[in-house]
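K.L.:
Just my_file.cif, nothing more (mmCIF, C-alpha atoms and all ligand atoms):
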data_coords
loop_
_atom_site.label_atom_id
_atom_site.label_comp_id
_atom_site.auth_asym_id
_atom_site.auth_seq_id
_atom_site.Cartn_x
_atom_site.Cartn_y
_atom_site.Cartn_z
CA MET A 1 191.25 -58.50 -215.67
CA SER A 2 191.46 -56.61 -212.38
CA THR A 3 194.94 -55.93 -211.01
CA ALA A 4 194.26 -53.16 -208.49
CA ASP A 5 194.74 -53.80 -204.79
CA LEU A 6 191.56 -52.13 -203.62
CA SER A 7 192.54 -52.70 -200.00
CA ASP A 8 195.20 -50.00 -200.43
CA TYR A 9 192.77 -47.31 -199.20
CA ASP A 10 193.50 -43.86 -197.76
CA GLN A 11 193.59 -44.66 -194.04
CA GLY A 12 193.29 -40.99 -193.10
CA SER A 13 189.78 -40.92 -194.52
CA VAL A 14 188.48 -43.62 -192.17
CA PRO A 15 186.65 -42.33 -189.07
CA ASP A 16 187.54 -43.51 -185.57
CA ALA A 17 185.74 -46.73 -184.62
CA GLY A 18 186.49 -46.55 -180.90
CA LYS A 19 182.89 -45.97 -179.83
CA LEU A 20 181.30 -48.35 -182.30
CA ARG A 21 180.14 -51.94 -181.81
CA PHE A 22 180.40 -54.43 -184.66
CA GLY A 23 179.06 -57.87 -185.49
CA ILE A 24 180.82 -60.18 -187.91
CA VAL A 25 179.09 -63.26 -189.30
CA VAL A 26 181.40 -65.58 -191.20
CA ALA A 27 180.64 -68.65 -193.31
CA ASP A 28 182.73 -71.78 -192.75
CA TRP A 29 182.55 -73.06 -196.34
CA ASN A 30 185.95 -72.42 -197.99
CA HIS A 31 187.33 -71.88 -194.52
CA ASP A 32 190.88 -71.09 -195.63
CA VAL A 33 189.51 -68.10 -197.55
CA THR A 34 186.89 -66.93 -195.04
CA SER A 35 189.31 -67.14 -192.10
CA SER A 36 191.62 -64.73 -193.97
CA LEU A 37 188.68 -62.41 -194.64
CA LEU A 38 187.82 -62.54 -190.93
CA ASN A 39 191.41 -61.89 -189.92
CA GLY A 40 191.59 -58.88 -192.27
CA ALA A 41 188.30 -57.47 -191.00
CA MET A 42 189.32 -57.86 -187.34
CA LEU A 43 192.74 -56.26 -187.87
CA THR A 44 191.25 -53.35 -189.78
CA LEU A 45 188.50 -52.67 -187.23
CA LYS A 46 191.11 -52.67 -184.47
CA LYS A 47 193.54 -50.53 -186.48
CA HIS A 48 190.82 -47.88 -186.53
CA GLY A 49 190.10 -48.03 -182.81
CA ALA A 50 187.57 -50.84 -182.28
CA THR A 51 188.22 -53.09 -179.29
CA ASN A 52 187.78 -56.86 -178.92
CA ASN A 53 184.96 -56.23 -176.43
CA ASN A 54 183.07 -54.36 -179.14
CA ILE A 55 183.38 -57.00 -181.86
CA VAL A 56 181.04 -60.03 -181.80
CA VAL A 57 181.97 -62.87 -184.18
CA LYS A 58 179.55 -65.66 -185.08
CA HIS A 59 180.06 -68.54 -187.52
CA VAL A 60 177.48 -70.05 -189.87
CA PRO A 61 177.88 -73.18 -192.05
CA GLY A 62 177.72 -71.59 -195.52
CA SER A 63 177.16 -68.29 -197.29
CA PHE A 64 173.48 -69.07 -197.71
CA GLU A 65 173.15 -68.90 -193.91
CA LEU A 66 174.80 -65.47 -193.66
CA THR A 67 171.48 -63.65 -193.95
CA LEU A 68 169.81 -65.38 -191.04
CA GLY A 69 173.01 -65.33 -188.98
CA ALA A 70 173.24 -61.57 -189.49
CA GLN A 71 169.57 -61.17 -188.59
CA PHE A 72 170.14 -63.09 -185.34
CA LEU A 73 172.97 -60.68 -184.50
CA ALA A 74 170.80 -57.66 -185.28
CA GLU A 75 167.96 -59.00 -183.13
CA TYR A 76 169.95 -60.14 -180.12
CA ASP A 77 172.75 -57.58 -179.80
CA ASP A 78 173.07 -53.80 -179.94
CA LEU A 79 175.38 -53.28 -182.92
CA ASP A 80 176.28 -50.33 -185.13
CA ALA A 81 177.12 -52.43 -188.19
CA ILE A 82 177.24 -56.10 -189.19
CA ILE A 83 179.82 -57.48 -191.60
CA CYS A 84 178.91 -60.62 -193.57
CA LEU A 85 181.89 -62.65 -194.82
CA GLY A 86 181.72 -65.63 -197.15
CA CYS A 87 183.20 -67.18 -200.26
CA VAL A 88 181.18 -68.85 -203.00
CA ILE A 89 183.21 -70.62 -205.66
CA GLN A 90 181.67 -71.63 -208.96
CA GLY A 91 181.27 -75.38 -209.42
CA GLU A 92 179.96 -77.55 -212.24
CA THR A 93 176.29 -77.06 -211.37
CA PRO A 94 174.14 -73.89 -211.17
CA HIS A 95 174.24 -74.05 -207.37
CA PHE A 96 176.69 -71.12 -207.30
CA SER A 97 174.11 -68.78 -208.87
CA TYR A 98 171.38 -69.72 -206.41
CA ILE A 99 173.59 -69.21 -203.36
CA CYS A 100 174.91 -65.88 -204.69
CA GLN A 101 171.40 -64.73 -205.55
CA GLY A 102 170.06 -65.79 -202.14
CA VAL A 103 172.73 -64.13 -200.06
CA THR A 104 172.80 -60.96 -202.16
CA TYR A 105 169.05 -60.55 -201.91
CA GLY A 106 169.08 -61.49 -198.22
CA ILE A 107 171.72 -58.97 -197.23
CA THR A 108 170.12 -56.24 -199.34
CA LYS A 109 166.81 -56.90 -197.59
CA LEU A 110 168.42 -56.74 -194.13
CA ASN A 111 169.89 -53.34 -195.03
CA LEU A 112 166.44 -52.06 -195.83
CA ASP A 113 164.58 -53.77 -192.98
CA TYR A 114 166.89 -52.75 -190.13
CA ASN A 115 168.26 -49.31 -189.38
CA ILE A 116 171.90 -50.43 -189.37
CA PRO A 117 174.29 -51.29 -192.19
CA PHE A 118 174.91 -54.91 -193.20
CA ILE A 119 178.11 -55.13 -195.22
CA PHE A 120 178.42 -57.53 -198.17
CA GLY A 121 181.83 -59.16 -197.81
CA VAL A 122 181.13 -62.22 -199.91
CA LEU A 123 183.61 -63.30 -202.58
CA THR A 124 181.95 -64.85 -205.64
CA THR A 125 184.76 -66.27 -207.74
CA LEU A 126 185.31 -68.65 -210.63
CA ASN A 127 187.94 -70.65 -208.74
CA HIS A 128 189.83 -71.04 -205.48
CA GLU A 129 192.87 -69.14 -206.73
CA GLN A 130 190.82 -66.01 -207.48
CA ALA A 131 189.39 -66.21 -203.98
CA LEU A 132 192.81 -66.45 -202.31
CA GLU A 133 194.06 -63.47 -204.37
CA ARG A 134 191.27 -61.41 -202.79
CA ALA A 135 191.64 -62.76 -199.24
CA GLY A 136 195.08 -61.47 -198.32
CA GLY A 137 196.75 -62.28 -201.65
CA THR A 138 197.93 -60.10 -204.53
CA LEU A 139 194.61 -58.26 -204.85
CA GLY A 140 194.31 -57.27 -201.20
CA ASN A 141 191.82 -58.47 -198.64
CA LYS A 142 188.10 -57.87 -199.09
CA GLY A 143 187.74 -58.39 -195.33
CA ASP A 144 189.73 -55.18 -194.79
CA GLU A 145 187.50 -53.35 -197.25
CA ALA A 146 184.34 -54.67 -195.62
CA ALA A 147 185.59 -53.38 -192.25
CA VAL A 148 186.31 -49.91 -193.65
CA THR A 149 182.85 -49.84 -195.23
CA ALA A 150 181.26 -50.90 -191.92
CA ILE A 151 182.99 -48.06 -190.04
CA LYS A 152 182.05 -45.47 -192.66
CA MET A 153 178.42 -46.57 -192.84
CA ALA A 154 178.02 -46.79 -189.06
CA VAL A 155 179.38 -43.24 -188.70
CA LEU A 156 177.12 -42.02 -191.52
CA GLN A 157 174.12 -43.51 -189.73
CA ARG A 158 175.08 -41.78 -186.47
CA GLU A 159 175.48 -38.46 -188.28
CA MET A 160 171.88 -38.76 -189.46
CA GLU A 161 170.40 -39.45 -186.03
N1 LIG A 201 178.63 -72.29 -199.34
C1 LIG A 201 179.59 -71.36 -199.51
O1 LIG A 201 179.73 -70.47 -198.65
N2 LIG A 201 180.40 -71.39 -200.61
C2 LIG A 201 180.29 -72.32 -201.60
O2 LIG A 201 181.08 -72.29 -202.56
C3 LIG A 201 179.27 -73.31 -201.46
N3 LIG A 201 179.08 -74.23 -202.41
C4 LIG A 201 178.08 -75.14 -202.27
C5 LIG A 201 177.84 -76.07 -203.29
C6 LIG A 201 176.83 -77.01 -203.15
C7 LIG A 201 176.59 -77.99 -204.26
C8 LIG A 201 176.02 -77.02 -201.98
C9 LIG A 201 174.90 -78.03 -201.81
C10 LIG A 201 176.23 -76.10 -200.98
C11 LIG A 201 177.27 -75.14 -201.11
N4 LIG A 201 177.49 -74.20 -200.10
C12 LIG A 201 178.46 -73.26 -200.28
C13 LIG A 201 176.74 -74.26 -198.82
C14 LIG A 201 175.52 -73.33 -198.78
O3 LIG A 201 175.93 -71.98 -198.58
C15 LIG A 201 174.61 -73.71 -197.61
O4 LIG A 201 175.37 -73.80 -196.43
C16 LIG A 201 173.91 -75.06 -197.84
O5 LIG A 201 173.25 -75.07 -199.09
C17 LIG A 201 172.88 -75.35 -196.71
O6 LIG A 201 171.87 -74.34 -196.68
#
Go ahead and express the file in the form of structure tokens.
P.N.:
Amino acid sequence: MSTADLSDYDQGSVPDAGKLRFGIVVADWNHDVTSSLLNGAMLTLKKHGATNNNIVVKHVPGSFELTLGAQFLAEYDDLDAIICLGCVIQGETPHFSYICQGVTYGITKLNLDYNIPFIFGVLTTLNHEQALERAGGTLGNKGDEAAVTAIKMAVLQREME
């Protein structure tokens, strides 16, 4: 069982995000969890220099819609990275697997189709408790980690230009 707080990263190794523009697309299913992921991502982007004016947040109904929501952002705004936040919790039917498969494939495809990073910030947990532990609970906040990844990948992309 994992016990590490992976959000406890070396802040000195994160580049400045002051000149970068971010999109965040967040799923409303399991809203208590995804709002904490969003809060963590926003705070972390701003901690590293991003401003409110340079962060666009859009909501979609569920994690399955994250892919198209992120594509809308990529098409209609000039962004350096797009963070996708959601939480899929296993139920009694195989639905969980189909949603996870769909969103994982969708976000992977966006990464390859567009020349900007799309960050996978989707929790896929066995229960609600596991999700809360990873959304500001004892195991950190995956929203923070998604934000750090977005900054690092956006800077990497700029270095290559
Ligand atoms: N969306 C989530 O983001 N997390 C979930 O745990 C989740 N569970 C679902 C379970 C069922 C049985 C259904 C029908 C939908 C679920 N969704 C969930 C919503 C899904 O991502 C999507 O919004 C809908 O399937 C409509 O395309």
K.L.:
Could you give me the residues within 8 Å of ligand LIG 201 (chain A), counting only C-alpha atoms and all ligand atoms, as a list of chain:residue names?
P.N.:
A:Ala27, A:Asp28, A:Trp29, A:Asn30, A:Val60, A:Pro61, A:Gly62, A:Ser63, A:Phe64, A:Glu65, A:Gly86, A:Cys87, A:Val88, A:Ile89, A:Gln90, A:Gly91, A:Thr93, A:His95, A:Phe96, A:Ile99
K.L.:
Write out as CSV the residues of stretch 4-68 of chain A that have any atom within 12 Å of an atom of stretch 156-160 of chain A, one row each with the nearest atom pair and its distance in Å to one decimal, counting only C-alpha atoms, sorted by chain and then rising number.
P.N.:
residue,atom,partner,partner_atom,distance
A:Val14,CA,A:Leu156,CA,11.5
A:Pro15,CA,A:Leu156,CA,9.8
A:Ala17,CA,A:Arg158,CA,11.9
A:Lys19,CA,A:Arg158,CA,11.1
A:Leu20,CA,A:Arg158,CA,10.0
K.L.:
So how far away is atom CA of A:Ile119 from atom CA of A:Thr149, in Å?
P.N.:
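Computing the Euclidean distance for atom CA of A:Thr149 and atom CA of A:Ile119 yields 7.1 Å.
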K.L.:
Restricting the calculation to only C-alpha atoms: of A:Leu132, A:Leu126, A:Ile107, A:Cys100, which residue gets closest to A:Val33?
P.N.:
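Distance minimum relative to A:Val33 lands on A:Leu132.
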K.L.:
For atom CA of A:Ala147 and atom CA of A:Ala41, determine how far apart the two atoms are, in Å to one decimal place.
P.N.:
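Those two atoms sit 5.1 Å apart.
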K.L.:
Just how far from atom CA of A:His128 is atom CA of A:Ala70, in Å to one decimal?
P.N.:
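Atom CA of A:Ala70 sits 24.9 Å away from atom CA of A:His128.
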K.L.:
Excluding same-chain residues fewer than 6 positions from stretch 134-139 of chain A, what lies within 12 Å of it counting all atoms listed in the file, as a tab-separated table (two decimals) with C-alpha atoms, in the coordinates of the input?
P.N.:
chain	number	residue	atom	x	y	z
A	1	MET	CA	191.25	-58.50	-215.67
A	2	SER	CA	191.46	-56.61	-212.38
A	3	THR	CA	194.94	-55.93	-211.01
A	4	ALA	CA	194.26	-53.16	-208.49
A	5	ASP	CA	194.74	-53.80	-204.79
A	6	LEU	CA	191.56	-52.13	-203.62
A	7	SER	CA	192.54	-52.70	-200.00
A	8	ASP	CA	195.20	-50.00	-200.43
A	30	ASN	CA	185.95	-72.42	-197.99
A	31	HIS	CA	187.33	-71.88	-194.52
A	32	ASP	CA	190.88	-71.09	-195.63
A	33	VAL	CA	189.51	-68.10	-197.55
A	34	THR	CA	186.89	-66.93	-195.04
A	35	SER	CA	189.31	-67.14	-192.10
A	36	SER	CA	191.62	-64.73	-193.97
A	37	LEU	CA	188.68	-62.41	-194.64
A	38	LEU	CA	187.82	-62.54	-190.93
A	39	ASN	CA	191.41	-61.89	-189.92
A	40	GLY	CA	191.59	-58.88	-192.27
A	41	ALA	CA	188.30	-57.47	-191.00
A	43	LEU	CA	192.74	-56.26	-187.87
A	85	LEU	CA	181.89	-62.65	-194.82
A	86	GLY	CA	181.72	-65.63	-197.15
A	87	CYS	CA	183.20	-67.18	-200.26
A	121	GLY	CA	181.83	-59.16	-197.81
A	122	VAL	CA	181.13	-62.22	-199.91
A	123	LEU	CA	183.61	-63.30	-202.58
A	124	THR	CA	181.95	-64.85	-205.64
A	125	THR	CA	184.76	-66.27	-207.74
A	127	ASN	CA	187.94	-70.65	-208.74
A	128	HIS	CA	189.83	-71.04	-205.48
A	145	GLU	CA	187.50	-53.35	-197.25
A	146	ALA	CA	184.34	-54.67	-195.62
K.L.:
Choose the residue, out of A:Tyr9, A:Phe22, A:Tyr98, A:Phe120, that has the smallest atom-to-atom separation from A:Leu66; count all atoms listed in the file.
P.N.:
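That would be A:Phe120, the residue with the smallest distance to A:Leu66.
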K.L.:
Go through A:Asp113, A:Glu129, A:Asp80, A:Asp10 one by one, measure the shortest atom-to-atom distance of each to A:Val155 using only C-alpha atoms, and give the residue with the smallest value.
P.N.:
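Closest to A:Val155, using only C-alpha atoms: A:Asp80.
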K.L.:
Taking 2 positions as the minimum chain separation for residues in the same chain, which residues sit within 12 Å of A:Glu75 when counting only C-alpha atoms? Answer as an mmCIF file with C-alpha atoms, keeping the file's coordinate frame.
P.N.:
data_model
loop_
_atom_site.group_PDB
_atom_site.id
_atom_site.type_symbol
_atom_site.label_atom_id
_atom_site.label_comp_id
_atom_site.auth_asym_id
_atom_site.auth_seq_id
_atom_site.Cartn_x
_atom_site.Cartn_y
_atom_site.Cartn_z
ATOM 1 C CA GLY A 23 179.060 -57.870 -185.490
ATOM 2 C CA LEU A 68 169.810 -65.380 -191.040
ATOM 3 C CA GLY A 69 173.010 -65.330 -188.980
ATOM 4 C CA ALA A 70 173.240 -61.570 -189.490
ATOM 5 C CA GLN A 71 169.570 -61.170 -188.590
ATOM 6 C CA PHE A 72 170.140 -63.090 -185.340
ATOM 7 C CA LEU A 73 172.970 -60.680 -184.500
ATOM 8 C CA ASP A 77 172.750 -57.580 -179.800
ATOM 9 C CA ASP A 78 173.070 -53.800 -179.940
ATOM 10 C CA LEU A 79 175.380 -53.280 -182.920
ATOM 11 C CA ILE A 82 177.240 -56.100 -189.190
ATOM 12 C CA LEU A 110 168.420 -56.740 -194.130
ATOM 13 C CA ASP A 113 164.580 -53.770 -192.980
ATOM 14 C CA TYR A 114 166.890 -52.750 -190.130
ATOM 15 C CA ASN A 115 168.260 -49.310 -189.380
ATOM 16 C CA ILE A 116 171.900 -50.430 -189.370
#
K.L.:
Which neighbours of A:Gly18 fall inside 9 Å, counting all atoms listed in the file, when residues of the same chain fewer than 5 positions from it are skipped, and could you give them as a PyMOL selection string?
P.N.:
chain A and resi 46+48-51+54
K.L.:
Which one of A:Ile151, A:Ile55, A:Leu112, A:Met42 sits closest to A:Arg21 if you count all atoms listed in the file?
P.N.:
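Counting all atoms listed in the file, the residue closest to A:Arg21 is A:Ile55.
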